[in-house]
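K.L.:
This is the structure I want to talk about, given as structure tokens.
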Amino acid sequence: NAGVTQTPKFRVLKTGQSMTLLCAQDMNHEYMYWYRQDPGMGLRLIHYSVGEGTTAKGEVPDGYNVSRLKKQNFLLGLESAAPSQTSVYFCASGDPTDYGYTFGSGTRLTVV
Amino acid sequence: DAKTTQPPSMDCAEGRAANLPCNHSTISGNEYVYWYRQIHSQGPQYIIHGLKNNETNEMASLIITEDRKSSTLILPHATLRDTAVYYCIVRVITDSWGKLQFGAGTQVVVTP
């Protein structure tokens, strides 16, 4: 039982490049979330999904797109990376009645 | 959405109890209080949650005041591994999707 797995763990991008972050969970959770965390700050919600085929905007959605084609996977895309997107990205999953959300170990992204 | 207020930092001696306060004066009747912690560079970890009554599990105890405007997380016997940022979160259920809103949290340092 791996829980929530994020790939890659580290990545350096040049400004304007694109990339996709993958989040995979094996707990059959309905809800999945993408957060970003900047140095010294709390987590901010980017996008989330309440089930396969659904997505919704969070607090800071600009510059990101997401897809949930399969229940176990939640993809976060950056079409044209900017230095302001340098951050640590965390994925989480949970269920409506779940008391605790499970977080992945994070992806450290640097945009130069 | 209800917000929380926590002290930015606190120190605790190893083996002693750590009492972490949280104010959530605008909490709604159907909102739970959750506590998570984030050990350096890792994803947040669920600790405990409660609605009205005090709660205890193998990690901590949660004391919620009768008017629900504040709560205290108690780590009964702090260890060096409890050094982390602790987040008090009110679970937003406005659209039943249970998004978590993170503040800045309290940096707890446990010293030998």
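The way I read the labels, and the way they are meant: chains A, B, ... in the order of the structure tokens, residue 1 as the first residue of every chain, and ligand 1 as the first ligand shown, with later ones counted on from there.
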Got a sec to pull out which chain B residues are within 9 Å of chain A, counting only C-alpha atoms, and send them as a PyMOL selection string?

P.N.:
chain B and resi 34+36+41-49+87+96-105

K.L.:
Might you pull out every residue within 8 Å of Val108 of chain B, with only C-alpha atoms counted and same-chain residues fewer than 5 positions away left off, and present them as a PyMOL selection string?

P.N.:
chain B and resi 9-12+82-86

K.L.:
Give me the residues near segment 62-64 of chain A as a PDB file with N, CA and C atoms, in the first residue's frame, where near means some atom within 7 Å (using only C-alpha atoms) and where sequence neighbours in that chain fewer than 4 positions away do not count.

P.N.:
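Result file is around-v7.pdb:
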ATOM      1  N   LEU A  76      -1.268  17.412 -12.875  1.00  0.00           N
ATOM      2  CA  LEU A  76      -1.151  18.870 -12.833  1.00  0.00           C
ATOM      3  C   LEU A  76      -0.209  19.303 -13.939  1.00  0.00           C
ATOM      4  N   GLY A  77      -0.694  20.172 -14.825  1.00  0.00           N
ATOM      5  CA  GLY A  77       0.108  20.617 -15.946  1.00  0.00           C
ATOM      6  C   GLY A  77       0.462  22.092 -15.879  1.00  0.00           C
ATOM      7  N   LEU A  78       1.684  22.380 -16.304  1.00  0.00           N
ATOM      8  CA  LEU A  78       2.121  23.751 -16.485  1.00  0.00           C
ATOM      9  C   LEU A  78       2.406  23.914 -17.964  1.00  0.00           C
TER      10      LEU A  78
END

K.L.:
Go through B:His40, B:His24, B:Lys69, B:Lys52 one by one, measure the shortest atom-to-atom distance of each to Val90 of chain B using only C-alpha atoms, and give the residue with the smallest value.

P.N.:
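Of the candidates, the smallest distance to Val90 of chain B is held by B:His24.
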
K.L.:
May I ask for the distance between atom CA of Leu75 of chain A and atom CA of Thr7 of chain A, given in Å to one decimal place?

P.N.:
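For atom CA of Leu75 of chain A relative to atom CA of Thr7 of chain A, the distance reads 10.0 Å.
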
K.L.:
Would you work out the distance separating atom CA of Tyr32 of chain B from atom CA of Trp34 of chain A, expressed in Å to one decimal?

P.N.:
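Here the two named atoms are 21.4 Å from each other.
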
K.L.:
Among the residues of chain A, find those DSSP assigns to strand (DSSP E or B) from the backbone and print them as a short mmCIF file (atom, residue, chain, number, x, y, z; two decimals) with C-alpha atoms, in the first residue's frame.

P.N.:
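Generated output (states28.cif):
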data_model
loop_
_atom_site.label_atom_id
_atom_site.label_comp_id
_atom_site.auth_asym_id
_atom_site.auth_seq_id
_atom_site.Cartn_x
_atom_site.Cartn_y
_atom_site.Cartn_z
CA VAL A 4 -0.05 8.85 -2.48
CA THR A 5 2.86 8.84 -4.90
CA GLN A 6 4.11 11.92 -6.69
CA THR A 7 6.41 11.95 -9.68
CA PHE A 10 12.54 17.14 -8.35
CA ARG A 11 12.54 19.10 -11.59
CA VAL A 12 14.22 22.18 -13.02
CA LEU A 13 12.48 23.92 -15.91
CA MET A 19 5.61 19.78 -17.83
CA THR A 20 3.13 17.48 -16.10
CA LEU A 21 3.21 16.39 -12.49
CA LEU A 22 1.63 13.04 -11.73
CA CYS A 23 -0.17 12.08 -8.55
CA ALA A 24 -1.27 8.49 -8.03
CA GLN A 25 -3.21 7.05 -5.10
CA TYR A 31 -11.22 13.41 -3.75
CA MET A 32 -7.82 14.54 -4.93
CA TYR A 33 -6.09 17.89 -4.47
CA TRP A 34 -3.07 19.81 -5.71
CA TYR A 35 -1.44 22.32 -3.36
CA ARG A 36 1.62 24.51 -3.68
CA GLN A 37 3.83 25.66 -0.85
CA LEU A 43 -0.17 25.31 1.54
CA ARG A 44 -2.44 26.91 -1.03
CA LEU A 45 -4.98 24.97 -3.05
CA ILE A 46 -4.46 25.03 -6.82
CA HIS A 47 -7.08 22.64 -8.20
CA TYR A 48 -9.08 19.74 -6.91
CA SER A 49 -11.28 16.90 -8.08
CA ALA A 56 -12.46 22.48 -10.09
CA LYS A 57 -10.42 25.59 -9.36
CA ASN A 65 -4.39 22.86 -15.71
CA VAL A 66 -5.48 19.51 -14.34
CA SER A 67 -7.07 16.28 -15.49
CA ASN A 73 -4.54 9.61 -11.02
CA PHE A 74 -4.60 13.40 -10.85
CA LEU A 75 -2.34 15.29 -13.24
CA LEU A 76 -1.15 18.87 -12.83
CA GLY A 77 0.11 20.62 -15.95
CA LEU A 78 2.12 23.75 -16.48
CA SER A 87 7.51 25.98 -5.41
CA VAL A 88 6.96 22.64 -3.72
CA TYR A 89 3.85 20.91 -5.00
CA PHE A 90 1.86 18.52 -2.83
CA CYS A 91 -0.87 16.17 -3.87
CA ALA A 92 -3.46 14.84 -1.43
CA SER A 93 -6.38 12.43 -1.56
CA GLY A 94 -9.35 11.71 0.67
CA THR A 102 -3.26 11.64 2.84
CA PHE A 103 -0.53 13.76 1.33
CA THR A 107 7.59 17.67 -5.99
CA ARG A 108 10.21 20.40 -5.83
CA LEU A 109 9.98 22.51 -8.97
CA THR A 110 12.42 25.25 -9.88
CA VAL A 111 11.77 27.48 -12.88
#
